[in-house]
Structures are given as structure tokens and as C-alpha cells.
>>> print(open('run.txt').read())   # compact mmCIF, C-alpha atoms
# COMPACT_ATOMS: atom_id res chain seq x y z
CA MET A 1 3.12 -29.42 4.90
CA PHE A 2 4.65 -31.37 2.04
CA ARG A 3 2.78 -34.18 0.33
CA LYS A 4 4.86 -36.22 -2.11
CA PHE A 5 2.80 -37.48 -5.03
CA ASP A 6 2.88 -41.10 -6.08
CA GLY A 7 2.18 -40.92 -9.80
CA ALA A 8 1.64 -44.66 -10.16
CA ALA A 9 -1.12 -44.79 -7.55
CA TYR A 10 -2.35 -41.19 -7.81
CA ARG A 11 -1.99 -40.88 -4.08
CA TRP A 12 -0.40 -38.31 -1.80
CA ASP A 13 1.74 -38.98 1.27
CA GLY A 14 -0.26 -38.89 4.47
CA VAL A 15 -3.64 -38.76 2.76
CA GLU A 16 -6.07 -41.62 3.18
CA PRO A 17 -8.39 -42.04 0.22
CA HIS A 18 -12.01 -42.11 1.22
CA VAL A 19 -13.70 -44.73 -0.92
CA TYR A 20 -17.37 -44.19 -1.45
CA LYS A 21 -19.33 -47.37 -1.63
CA GLU A 22 -18.90 -49.00 -4.99
CA ASP A 23 -22.39 -48.60 -6.22
CA SER A 24 -25.32 -46.45 -5.30
CA SER A 25 -28.09 -44.66 -7.09
CA VAL A 26 -26.12 -41.42 -7.07
CA PHE A 27 -22.46 -42.28 -7.65
CA ARG A 28 -20.25 -45.16 -8.68
CA SER A 29 -16.52 -45.88 -8.23
CA VAL A 30 -15.39 -42.58 -6.76
CA THR A 31 -12.60 -41.92 -4.28
CA LYS A 32 -11.79 -38.66 -2.54
CA GLN A 33 -8.50 -37.45 -1.07
CA VAL A 34 -8.50 -34.27 0.99
CA LEU A 35 -5.19 -32.56 0.22
CA PHE A 36 -5.74 -29.32 2.08
CA GLU A 37 -8.13 -28.33 4.82
CA ARG A 38 -8.68 -24.73 5.95
CA GLU A 39 -5.48 -23.28 7.36
CA GLY A 40 -4.16 -19.77 8.01
CA ASP A 41 -5.72 -17.29 5.60
CA LEU A 42 -6.98 -19.99 3.18
CA PRO A 43 -10.54 -20.80 4.32
CA VAL A 44 -10.96 -23.56 1.72
CA GLN A 45 -10.76 -27.29 1.21
CA PHE A 46 -8.82 -28.68 -1.76
CA ARG A 47 -9.60 -32.28 -2.74
CA TYR A 48 -8.71 -34.81 -5.42
CA PHE A 49 -11.55 -36.96 -6.70
CA GLN A 50 -11.01 -39.92 -8.93
CA VAL A 51 -13.77 -41.60 -10.89
CA GLU A 52 -12.81 -45.04 -12.20
CA PRO A 53 -13.61 -46.00 -15.81
CA GLY A 54 -17.37 -46.37 -16.21
CA GLY A 55 -18.06 -44.54 -12.95
CA TRP A 56 -19.66 -41.21 -12.13
CA SER A 57 -19.75 -38.67 -9.35
CA SER A 58 -23.04 -37.80 -7.73
CA LEU A 59 -25.47 -35.63 -9.66
CA GLU A 60 -26.04 -32.79 -7.26
CA ARG A 61 -26.32 -29.07 -6.68
CA HIS A 62 -25.75 -26.72 -3.78
CA GLY A 63 -25.29 -23.09 -2.88
CA HIS A 64 -21.50 -23.26 -2.75
CA MET A 65 -19.28 -23.00 -5.80
CA HIS A 66 -16.66 -25.38 -7.13
CA MET A 67 -13.47 -24.59 -8.95
CA VAL A 68 -12.25 -27.72 -10.73
CA VAL A 69 -9.04 -28.64 -12.59
CA ILE A 70 -8.86 -31.99 -14.37
CA PHE A 71 -5.65 -33.74 -13.31
CA ARG A 72 -5.98 -37.13 -14.95
CA GLY A 73 -7.65 -38.69 -17.94
CA ARG A 74 -10.73 -37.77 -19.90
CA GLY A 75 -14.48 -37.91 -19.58
CA HIS A 76 -17.52 -35.68 -19.61
CA ALA A 77 -18.95 -33.15 -17.21
CA LEU A 78 -22.48 -31.88 -16.88
CA ILE A 79 -22.47 -28.30 -15.62
CA GLY A 80 -25.89 -26.69 -15.46
CA GLY A 81 -27.54 -27.52 -18.78
CA GLU A 82 -24.24 -28.07 -20.59
CA VAL A 83 -22.35 -31.26 -21.33
CA ARG A 84 -18.61 -30.79 -21.86
CA GLU A 85 -15.84 -33.10 -22.89
CA VAL A 86 -13.13 -32.69 -20.28
CA ALA A 87 -9.47 -33.68 -20.33
CA GLU A 88 -6.33 -33.18 -18.27
CA GLY A 89 -5.63 -29.55 -17.52
CA ASP A 90 -9.11 -28.19 -18.24
CA MET A 91 -10.26 -25.75 -15.60
CA MET A 92 -13.86 -24.85 -14.86
CA THR A 93 -16.13 -23.32 -12.27
CA ILE A 94 -19.44 -24.78 -11.21
CA PRO A 95 -21.78 -21.95 -10.30
CA SER A 96 -24.00 -21.90 -7.26
CA TRP A 97 -27.06 -24.16 -7.72
CA ALA A 98 -25.96 -25.62 -11.07
CA TRP A 99 -26.62 -29.35 -11.38
CA HIS A 100 -23.33 -31.12 -12.01
CA GLN A 101 -21.82 -34.55 -12.47
CA PHE A 102 -18.55 -36.00 -13.77
CA ARG A 103 -18.45 -39.23 -15.77
CA ALA A 104 -15.39 -41.34 -16.64
CA ASP A 105 -17.02 -42.45 -19.86
CA ARG A 106 -13.92 -42.65 -22.03
CA GLY A 107 -12.52 -45.92 -20.73
CA GLU A 108 -10.00 -44.25 -18.45
CA PRO A 109 -10.02 -42.84 -14.94
CA LEU A 110 -11.08 -39.24 -14.59
CA GLY A 111 -9.29 -37.42 -11.76
CA PHE A 112 -9.82 -33.82 -10.77
CA PHE A 113 -8.93 -31.27 -8.13
CA CYS A 114 -11.91 -29.52 -6.60
CA LEU A 115 -11.74 -26.36 -4.51
CA VAL A 116 -14.57 -25.37 -2.15
CA ASN A 117 -15.11 -22.98 0.70
CA ALA A 118 -14.42 -24.65 4.05
CA ASP A 119 -17.89 -23.52 5.19
CA ARG A 120 -20.45 -24.79 2.78
CA ASP A 121 -23.96 -26.14 2.50
CA ALA A 122 -24.83 -29.79 1.89
CA PRO A 123 -25.68 -30.91 -1.64
CA SER A 124 -29.18 -31.76 -2.73
CA TYR A 125 -30.02 -34.47 -5.21
CA PRO A 126 -32.52 -34.41 -8.06
CA THR A 127 -36.11 -35.54 -7.66
CA GLU A 128 -37.77 -37.55 -10.41
CA ALA A 129 -39.30 -34.31 -11.64
CA ASP A 130 -35.86 -32.62 -11.75
CA LEU A 131 -34.47 -35.53 -13.76
CA GLU A 132 -37.36 -35.42 -16.19
CA GLU A 133 -36.78 -31.71 -16.65
CA MET A 134 -33.04 -32.20 -17.24
CA ARG A 135 -33.63 -35.01 -19.73
CA ARG A 136 -35.59 -32.71 -22.03
CA ALA A 137 -32.22 -31.60 -23.38
CA PRO A 138 -31.07 -34.50 -25.62
CA ALA A 139 -27.37 -33.93 -24.83
CA VAL A 140 -28.10 -34.13 -21.11
CA ALA A 141 -30.21 -37.28 -21.54
CA ALA A 142 -27.37 -38.93 -23.50
CA PHE A 143 -24.87 -37.89 -20.82
CA LEU A 144 -27.03 -39.30 -18.02
CA ASP A 145 -27.37 -42.55 -19.99
CA GLY A 146 -23.57 -42.77 -20.33
CA LYS A 147 -23.75 -42.11 -24.07
CA ALA A 148 -22.29 -38.64 -24.29
CA MET B 149 -16.43 -20.50 -16.80
CA PHE B 150 -14.69 -23.19 -18.79
CA ARG B 151 -11.03 -22.91 -19.75
CA LYS B 152 -9.82 -25.54 -22.19
CA PHE B 153 -6.20 -26.50 -21.58
CA ASP B 154 -3.68 -26.57 -24.40
CA GLY B 155 -1.24 -29.24 -23.29
CA ALA B 156 1.33 -28.39 -25.94
CA ALA B 157 1.63 -24.75 -24.87
CA TYR B 158 0.57 -25.11 -21.23
CA ARG B 159 -1.94 -22.35 -21.76
CA TRP B 160 -5.61 -21.96 -20.94
CA ASP B 161 -8.31 -20.49 -23.18
CA GLY B 162 -8.94 -16.86 -22.48
CA VAL B 163 -5.96 -16.43 -20.17
CA GLU B 164 -3.16 -14.10 -21.17
CA PRO B 165 0.19 -15.15 -19.74
CA HIS B 166 1.88 -12.38 -17.90
CA VAL B 167 5.56 -12.57 -18.73
CA TYR B 168 7.83 -11.11 -16.13
CA LYS B 169 10.84 -9.45 -17.58
CA GLU B 170 13.38 -12.04 -18.60
CA ASP B 171 16.00 -11.22 -16.10
CA SER B 172 16.11 -9.36 -12.85
CA SER B 173 17.87 -9.66 -9.56
CA VAL B 174 14.92 -11.51 -8.03
CA PHE B 175 13.47 -13.78 -10.71
CA ARG B 176 14.26 -15.17 -14.14
CA SER B 177 12.10 -16.66 -16.92
CA VAL B 178 8.79 -16.85 -15.11
CA THR B 179 5.29 -16.52 -16.57
CA LYS B 180 2.02 -16.28 -14.67
CA GLN B 181 -1.50 -17.16 -15.77
CA VAL B 182 -4.40 -16.21 -13.52
CA LEU B 183 -6.94 -19.02 -13.91
CA PHE B 184 -9.42 -17.96 -11.26
CA GLU B 185 -10.04 -14.67 -9.52
CA ARG B 186 -12.30 -14.29 -6.46
CA GLU B 187 -15.87 -15.21 -7.32
CA GLY B 188 -18.95 -16.20 -5.32
CA ASP B 189 -17.95 -17.88 -2.07
CA LEU B 190 -14.34 -18.52 -3.17
CA PRO B 191 -12.33 -15.49 -1.98
CA VAL B 192 -9.11 -16.72 -3.57
CA GLN B 193 -6.91 -16.38 -6.62
CA PHE B 194 -5.66 -19.52 -8.40
CA ARG B 195 -2.68 -19.09 -10.70
CA TYR B 196 -0.32 -21.14 -12.83
CA PHE B 197 3.32 -20.15 -12.77
CA GLN B 198 5.87 -21.58 -15.11
CA VAL B 199 9.60 -21.28 -14.61
CA GLU B 200 11.62 -22.07 -17.72
CA PRO B 201 14.68 -24.34 -17.49
CA GLY B 202 17.43 -22.55 -15.62
CA GLY B 203 15.01 -19.96 -14.22
CA TRP B 204 13.71 -19.18 -10.76
CA SER B 205 10.83 -17.46 -9.07
CA SER B 206 11.46 -14.56 -6.75
CA LEU B 207 12.89 -15.30 -3.33
CA GLU B 208 10.33 -13.68 -1.07
CA ARG B 209 8.16 -13.90 1.99
CA HIS B 210 4.88 -12.40 3.13
CA GLY B 211 2.12 -12.77 5.66
CA HIS B 212 -0.22 -14.69 3.36
CA MET B 213 0.02 -18.42 2.77
CA HIS B 214 0.44 -20.37 -0.44
CA MET B 215 -0.93 -23.76 -1.34
CA VAL B 216 1.04 -25.14 -4.28
CA VAL B 217 0.60 -28.18 -6.56
CA ILE B 218 3.32 -28.95 -9.09
CA PHE B 219 1.67 -29.44 -12.49
CA ARG B 220 4.66 -29.81 -14.79
CA GLY B 221 8.24 -30.96 -14.63
CA ARG B 222 10.76 -31.07 -11.83
CA GLY B 223 12.97 -28.77 -9.87
CA HIS B 224 13.66 -27.63 -6.34
CA ALA B 225 11.81 -25.49 -3.85
CA LEU B 226 13.13 -23.59 -0.89
CA ILE B 227 10.46 -23.39 1.82
CA GLY B 228 11.63 -21.77 5.03
CA GLY B 229 14.96 -23.39 5.83
CA GLU B 230 14.26 -26.52 3.78
CA VAL B 231 15.24 -27.41 0.23
CA ARG B 232 12.97 -29.97 -1.42
CA GLU B 233 13.09 -31.78 -4.70
CA VAL B 234 9.70 -31.25 -6.32
CA ALA B 235 8.00 -33.06 -9.18
CA GLU B 236 4.62 -33.21 -10.89
CA GLY B 237 1.79 -33.81 -8.45
CA ASP B 238 3.61 -32.81 -5.28
CA MET B 239 1.49 -30.61 -3.05
CA MET B 240 2.81 -28.25 -0.39
CA THR B 241 1.92 -25.27 1.72
CA ILE B 242 4.15 -22.29 2.26
CA PRO B 243 3.55 -20.93 5.74
CA SER B 244 3.17 -17.28 6.58
CA TRP B 245 6.53 -15.46 6.54
CA ALA B 246 8.55 -18.45 5.25
CA TRP B 247 11.16 -17.48 2.68
CA HIS B 248 10.45 -19.37 -0.54
CA GLN B 249 11.66 -19.79 -4.08
CA PHE B 250 11.16 -22.30 -6.92
CA ARG B 251 13.98 -23.23 -9.27
CA ALA B 252 13.72 -25.10 -12.57
CA ASP B 253 17.18 -26.56 -12.06
CA ARG B 254 16.58 -29.98 -13.65
CA GLY B 255 16.76 -28.95 -17.29
CA GLU B 256 13.00 -28.84 -17.72
CA PRO B 257 10.25 -26.31 -17.12
CA LEU B 258 8.76 -26.26 -13.64
CA GLY B 259 5.06 -25.37 -13.63
CA PHE B 260 2.85 -25.09 -10.59
CA PHE B 261 -0.58 -24.03 -9.43
CA CYS B 262 -0.57 -21.58 -6.57
CA LEU B 263 -3.57 -20.70 -4.44
CA VAL B 264 -3.70 -17.48 -2.39
CA ASN B 265 -6.29 -15.43 -0.59
CA ALA B 266 -7.71 -12.72 -2.85
CA ASP B 267 -6.82 -10.17 -0.14
CA ARG B 268 -3.18 -10.44 0.66
CA ASP B 269 -0.12 -8.45 1.60
CA ALA B 270 2.75 -7.62 -0.75
CA PRO B 271 5.90 -9.77 -0.63
CA SER B 272 9.13 -8.57 0.84
CA TYR B 273 12.55 -9.48 -0.49
CA PRO B 274 15.68 -10.44 1.40
CA THR B 275 18.28 -7.92 2.47
CA GLU B 276 21.97 -8.75 2.20
CA ALA B 277 21.85 -9.67 5.90
CA ASP B 278 18.87 -12.01 5.32
CA LEU B 279 20.74 -13.73 2.48
CA GLU B 280 23.84 -14.13 4.59
CA GLU B 281 21.75 -15.68 7.34
CA MET B 282 20.04 -18.09 4.90
CA ARG B 283 23.35 -19.10 3.35
CA ARG B 284 24.61 -20.43 6.65
CA ALA B 285 22.70 -23.63 5.86
CA PRO B 286 24.83 -25.40 3.22
CA ALA B 287 21.76 -26.90 1.47
CA VAL B 288 20.22 -23.45 1.14
CA ALA B 289 23.48 -21.93 -0.13
CA ALA B 290 23.74 -24.71 -2.75
CA PHE B 291 20.10 -24.13 -3.76
CA LEU B 292 20.63 -20.37 -4.13
CA ASP B 293 23.72 -21.04 -6.24
CA GLY B 294 21.69 -23.34 -8.51
CA LYS B 295 23.58 -26.40 -7.31
CA ALA B 296 20.89 -28.18 -5.29
>>> encode(input="run.txt", output="C-alpha cells")
Amino acid sequence: MFRKFDGAAYRWDGVEPHVYKEDSSVFRSVTKQVLFEREGDLPVQFRYFQVEPGGWSSLERHGHMHMVVIFRGRGHALIGGEVREVAEGDMMTIPSWAWHQFRADRGEPLGFFCLVNADRDAPSYPTEADLEEMRRAPAVAAFLDGKA
Amino acid sequence: MFRKFDGAAYRWDGVEPHVYKEDSSVFRSVTKQVLFEREGDLPVQFRYFQVEPGGWSSLERHGHMHMVVIFRGRGHALIGGEVREVAEGDMMTIPSWAWHQFRADRGEPLGFFCLVNADRDAPSYPTEADLEEMRRAPAVAAFLDGKA
């Protein structure tokens, strides 16, 4: 398999971007391209997510891990209780059951590769009580308000 | 785990580049950084290889697969019987037992991420007879001579 990259569009040959609906309570302006799906001795899925300026990925957690490499732009990530500035090339893991979200809050798209196990559990989303708990940390509250 | 990327040096925080010896019969001017090593439900290793201008990775094959994303520069890749021009963002798989090599033959470094299973077999290298066989394809011969 060979997927030529189109650096103007940030798209790969033969990959259809999946566009999430533009606005929802949990995410905004996110597309997903699945670049690799379980094959041979690699039981994983490798995806490219792009969050448009002002958008965010869903705030979620789950039992499976993520390994993430930022491929485009800048923004912030919430990983567990920590808010991080992220930029092209940064690599991070998201541990099992850590709340996480990516925000393109620097006026540019934020694109990242995300590796997961091909067999994985579904995410869960925060309750009002979870959000209240998270917001006790001022840095997290600022992040969630788009003011990181 | 969070590894800040240094875009001037193409290095990640906390990762020691492993420098292969400068010259050998099988590779030249290649460094390797292991960014992720089997953890949780991700039984894989994720590495960054960089081939300096004029260098090449080892010509090898093995039972395990690779998934590769070019992260820096341009060059050529031999994958099985095919020679491909590769550039930043291109994504490819290297099937089980396909001969493969990357060459930074465009006057710039060629850097790429490479995903493998954490449990994998050792590579084997071509015999003189294998090389002779490969060289029957003119494009492959040109590639091996650094004239792709």
C-alpha cells in the first residue's frame, strides 16, 4: 500500500476524510482519515485527525491507549489533569482512562496522527459531575473555555 | 509520556539517537530514535529513522511488516520490486518478506516514522545471488547504484 500525501490539502491518496458534523456538544470541526487498518502482524489502526481553527476533538476517556504525534500546526491538549501546549512533531501517549481533548486554539489547524489497538472499547463522555470535578483545576477550566 | 519535538535538530525530549556506524556494507549515515516501546494495549514499537543526504538504510527483508510515514525530506524507497519517489507525508506499508531500502538521494535528509510489532523476527540481508536477481529490473539497479 502506498498513499501519496497531498501537502496542500493534508489528504492521502485513496483515503476519504470522514467529516464529523460541524457542531455538537462534544466536538467541533474535526475530520478523520484512516491511513492504516489492522493488517498482517500490526493489529492497530493509524489515523490522521484534523481540528480546524477554533475547533476541538471530543472530551472523552476509554480503556484503550492512544499514541499521538502532532503533524500539523499548534494548539493545546488536555491529558488527564494536565494541559499542554502542543506543536508539530510532539509525541505523547494518552493513558488508559485519562480524560483527553485536543483544541486548535492558536488560530491554525491542529492535525495529529493517532495510533490505537484495532480492538478497543468505546469512549465515554463526561457527566456534569465529571466536568465540575475537572474544572476545579484552573488550567483545565481555562482550557475547556478555550482560554488556555 | 510527553516528548517535546525539537524541530531544528529533529530530536525528541528524552530520546537518545542511536547512531549506526557511519559506513558499512549495508547502511550509511542512519540514526534511529525509539519514540514508543510496547505499553498497555499497544504491542508495537514506533521509531524515527533519519538518513543523511547521500545515505541509505539497510537493504533487508523479514517476516514482520512495516508501516512507514515520511516525516522529513525526500528520497527514494525500494519496496519489493518497486522504486518509489517519497516525500514528506507519504505513507506506505512494507509487506512481509519484501526487500526494502530507503535512500536520501535528493540532497536532503530523509526522515521517517516506522511502526513495527514489538515481537518481531530479525532481518535478513541479500546474498550476491539475491542482488543479481534484483538488479535484473533496470529501475532497481539504478536505485541500488544511487541513480534513481
>>> interface_residues(input="run.txt", of="chain B", to="chain A", cutoff="9 Å", atoms="all atoms listed in the file", output="NGL selection string")
:B and (149-155 or 158 or 160 or 183-184 or 187-192 or 212-215 or 219 or 234-244 or 263-265 or 268)
>>> atom_distance(input="run.txt", atom1="atom CA of Leu110 of chain A", atom2="atom CA of Tyr48 of chain A")
10.5 Å
>>> closest_residue(input="run.txt", among="B:Glu256, B:Glu276, B:Glu185, B:Glu208", to="Arg220 of chain B", atoms="all atoms listed in the file")
B:Glu256
>>> atom_distance(input="run.txt", atom1="atom CA of Arg283 of chain B", atom2="atom CA of Arg254 of chain B")
21.3 Å
>>> residues_around(input="run.txt", residues="segment 289-293 of chain B", least_positions_apart="5", cutoff="8 Å", atoms="all atoms listed in the file", output="list in words")
His224, Leu226, Val231, Met282, Arg283 and Arg284 of chain B
>>> atom_distance(input="run.txt", atom1="atom CA of His210 of chain B", atom2="atom CA of Trp247 of chain B")
8.1 Å
>>> axis_aligned_box(input="run.txt", around="segment 71-90 of chain A", padding_each_side="4 Å", output="AutoDock Vina command-line options")
--center_x -16.6 --center_y -32.7 --center_z -18.1 --size_x 29.9 --size_y 20.0 --size_z 17.6
>>> closest_residue(input="run.txt", among="A:Lys32, A:Arg38, A:His100, A:Lys147", to="Phe113 of chain A", atoms="all atoms listed in the file")
A:Lys32
>>> closest_residue(input="run.txt", among="B:Gln181, B:Val199, B:Leu207, B:Pro165", to="Thr275 of chain B", atoms="only C-alpha atoms")
B:Leu207
>>> build_atoms(input="run.txt", residues="segment 217-228 of chain B", atoms="all heavy atoms", output="JSON list (two decimals), in the frame of the given file")
[["chain", "number", "residue", "atom", "x", "y", "z"],
["B", 217, "VAL", "N", 0.56, -26.83, -5.97],
["B", 217, "VAL", "CA", 0.60, -28.18, -6.56],
["B", 217, "VAL", "C", 1.44, -28.11, -7.83],
["B", 217, "VAL", "O", 1.16, -27.29, -8.72],
["B", 217, "VAL", "CB", -0.80, -28.70, -6.92],
["B", 217, "VAL", "CG1", -0.72, -30.09, -7.55],
["B", 217, "VAL", "CG2", -1.71, -28.75, -5.69],
["B", 218, "ILE", "N", 2.47, -28.93, -7.89],
["B", 218, "ILE", "CA", 3.32, -28.95, -9.09],
["B", 218, "ILE", "C", 2.53, -29.60, -10.23],
["B", 218, "ILE", "O", 1.96, -30.69, -10.06],
["B", 218, "ILE", "CB", 4.62, -29.75, -8.85],
["B", 218, "ILE", "CG1", 5.35, -29.26, -7.58],
["B", 218, "ILE", "CG2", 5.53, -29.68, -10.08],
["B", 218, "ILE", "CD1", 5.88, -27.86, -7.61],
["B", 219, "PHE", "N", 2.47, -28.93, -11.37],
["B", 219, "PHE", "CA", 1.67, -29.44, -12.49],
["B", 219, "PHE", "C", 2.55, -29.92, -13.64],
["B", 219, "PHE", "O", 2.11, -30.67, -14.50],
["B", 219, "PHE", "CB", 0.72, -28.34, -12.97],
["B", 219, "PHE", "CG", -0.26, -28.78, -14.02],
["B", 219, "PHE", "CD1", -1.12, -29.85, -13.80],
["B", 219, "PHE", "CD2", -0.35, -28.10, -15.24],
["B", 219, "PHE", "CE1", -2.03, -30.26, -14.77],
["B", 219, "PHE", "CE2", -1.25, -28.50, -16.21],
["B", 219, "PHE", "CZ", -2.10, -29.57, -15.98],
["B", 220, "ARG", "N", 3.79, -29.48, -13.67],
["B", 220, "ARG", "CA", 4.66, -29.81, -14.79],
["B", 220, "ARG", "C", 6.11, -29.86, -14.36],
["B", 220, "ARG", "O", 6.59, -28.93, -13.70],
["B", 220, "ARG", "CB", 4.51, -28.74, -15.87],
["B", 220, "ARG", "CG", 5.41, -28.97, -17.05],
["B", 220, "ARG", "CD", 5.33, -27.86, -18.08],
["B", 220, "ARG", "NE", 5.87, -28.33, -19.33],
["B", 220, "ARG", "CZ", 5.93, -27.65, -20.46],
["B", 220, "ARG", "NH1", 5.46, -26.42, -20.49],
["B", 220, "ARG", "NH2", 6.43, -28.17, -21.56],
["B", 221, "GLY", "N", 6.79, -30.92, -14.75],
["B", 221, "GLY", "CA", 8.24, -30.96, -14.63],
["B", 221, "GLY", "C", 8.77, -31.21, -13.24],
["B", 221, "GLY", "O", 8.07, -31.74, -12.35],
["B", 222, "ARG", "N", 10.03, -30.82, -13.06],
["B", 222, "ARG", "CA", 10.76, -31.07, -11.83],
["B", 222, "ARG", "C", 11.64, -29.87, -11.51],
["B", 222, "ARG", "O", 11.93, -29.06, -12.37],
["B", 222, "ARG", "CB", 11.69, -32.28, -12.00],
["B", 222, "ARG", "CG", 11.04, -33.50, -12.58],
["B", 222, "ARG", "CD", 12.05, -34.59, -12.94],
["B", 222, "ARG", "NE", 12.80, -35.01, -11.79],
["B", 222, "ARG", "CZ", 12.33, -35.86, -10.87],
["B", 222, "ARG", "NH1", 11.15, -36.40, -11.01],
["B", 222, "ARG", "NH2", 13.06, -36.19, -9.83],
["B", 223, "GLY", "N", 12.06, -29.83, -10.26],
["B", 223, "GLY", "CA", 12.97, -28.77, -9.87],
["B", 223, "GLY", "C", 13.17, -28.83, -8.37],
["B", 223, "GLY", "O", 13.05, -29.90, -7.76],
["B", 224, "HIS", "N", 13.49, -27.70, -7.79],
["B", 224, "HIS", "CA", 13.66, -27.63, -6.34],
["B", 224, "HIS", "C", 12.89, -26.44, -5.79],
["B", 224, "HIS", "O", 12.70, -25.44, -6.49],
["B", 224, "HIS", "CB", 15.14, -27.50, -5.96],
["B", 224, "HIS", "CG", 15.91, -28.77, -6.07],
["B", 224, "HIS", "ND1", 16.53, -29.17, -7.23],
["B", 224, "HIS", "CD2", 16.14, -29.77, -5.17],
["B", 224, "HIS", "CE1", 17.13, -30.35, -7.03],
["B", 224, "HIS", "NE2", 16.91, -30.74, -5.80],
["B", 225, "ALA", "N", 12.47, -26.59, -4.55],
["B", 225, "ALA", "CA", 11.81, -25.49, -3.85],
["B", 225, "ALA", "C", 12.53, -25.25, -2.54],
["B", 225, "ALA", "O", 12.90, -26.20, -1.83],
["B", 225, "ALA", "CB", 10.35, -25.84, -3.57],
["B", 226, "LEU", "N", 12.70, -23.98, -2.23],
["B", 226, "LEU", "CA", 13.13, -23.59, -0.89],
["B", 226, "LEU", "C", 11.87, -23.15, -0.15],
["B", 226, "LEU", "O", 11.12, -22.29, -0.63],
["B", 226, "LEU", "CB", 14.11, -22.42, -0.98],
["B", 226, "LEU", "CG", 14.47, -21.75, 0.36],
["B", 226, "LEU", "CD1", 15.32, -22.67, 1.23],
["B", 226, "LEU", "CD2", 15.21, -20.43, 0.11],
["B", 227, "ILE", "N", 11.62, -23.76, 1.00],
["B", 227, "ILE", "CA", 10.46, -23.39, 1.82],
["B", 227, "ILE", "C", 10.95, -23.26, 3.26],
["B", 227, "ILE", "O", 11.29, -24.26, 3.89],
["B", 227, "ILE", "CB", 9.34, -24.45, 1.74],
["B", 227, "ILE", "CG1", 8.93, -24.68, 0.27],
["B", 227, "ILE", "CG2", 8.14, -24.01, 2.57],
["B", 227, "ILE", "CD1", 7.88, -25.76, 0.08],
["B", 228, "GLY", "N", 11.02, -22.01, 3.73],
["B", 228, "GLY", "CA", 11.63, -21.77, 5.03],
["B", 228, "GLY", "C", 13.08, -22.20, 4.93],
["B", 228, "GLY", "O", 13.76, -21.90, 3.96]]
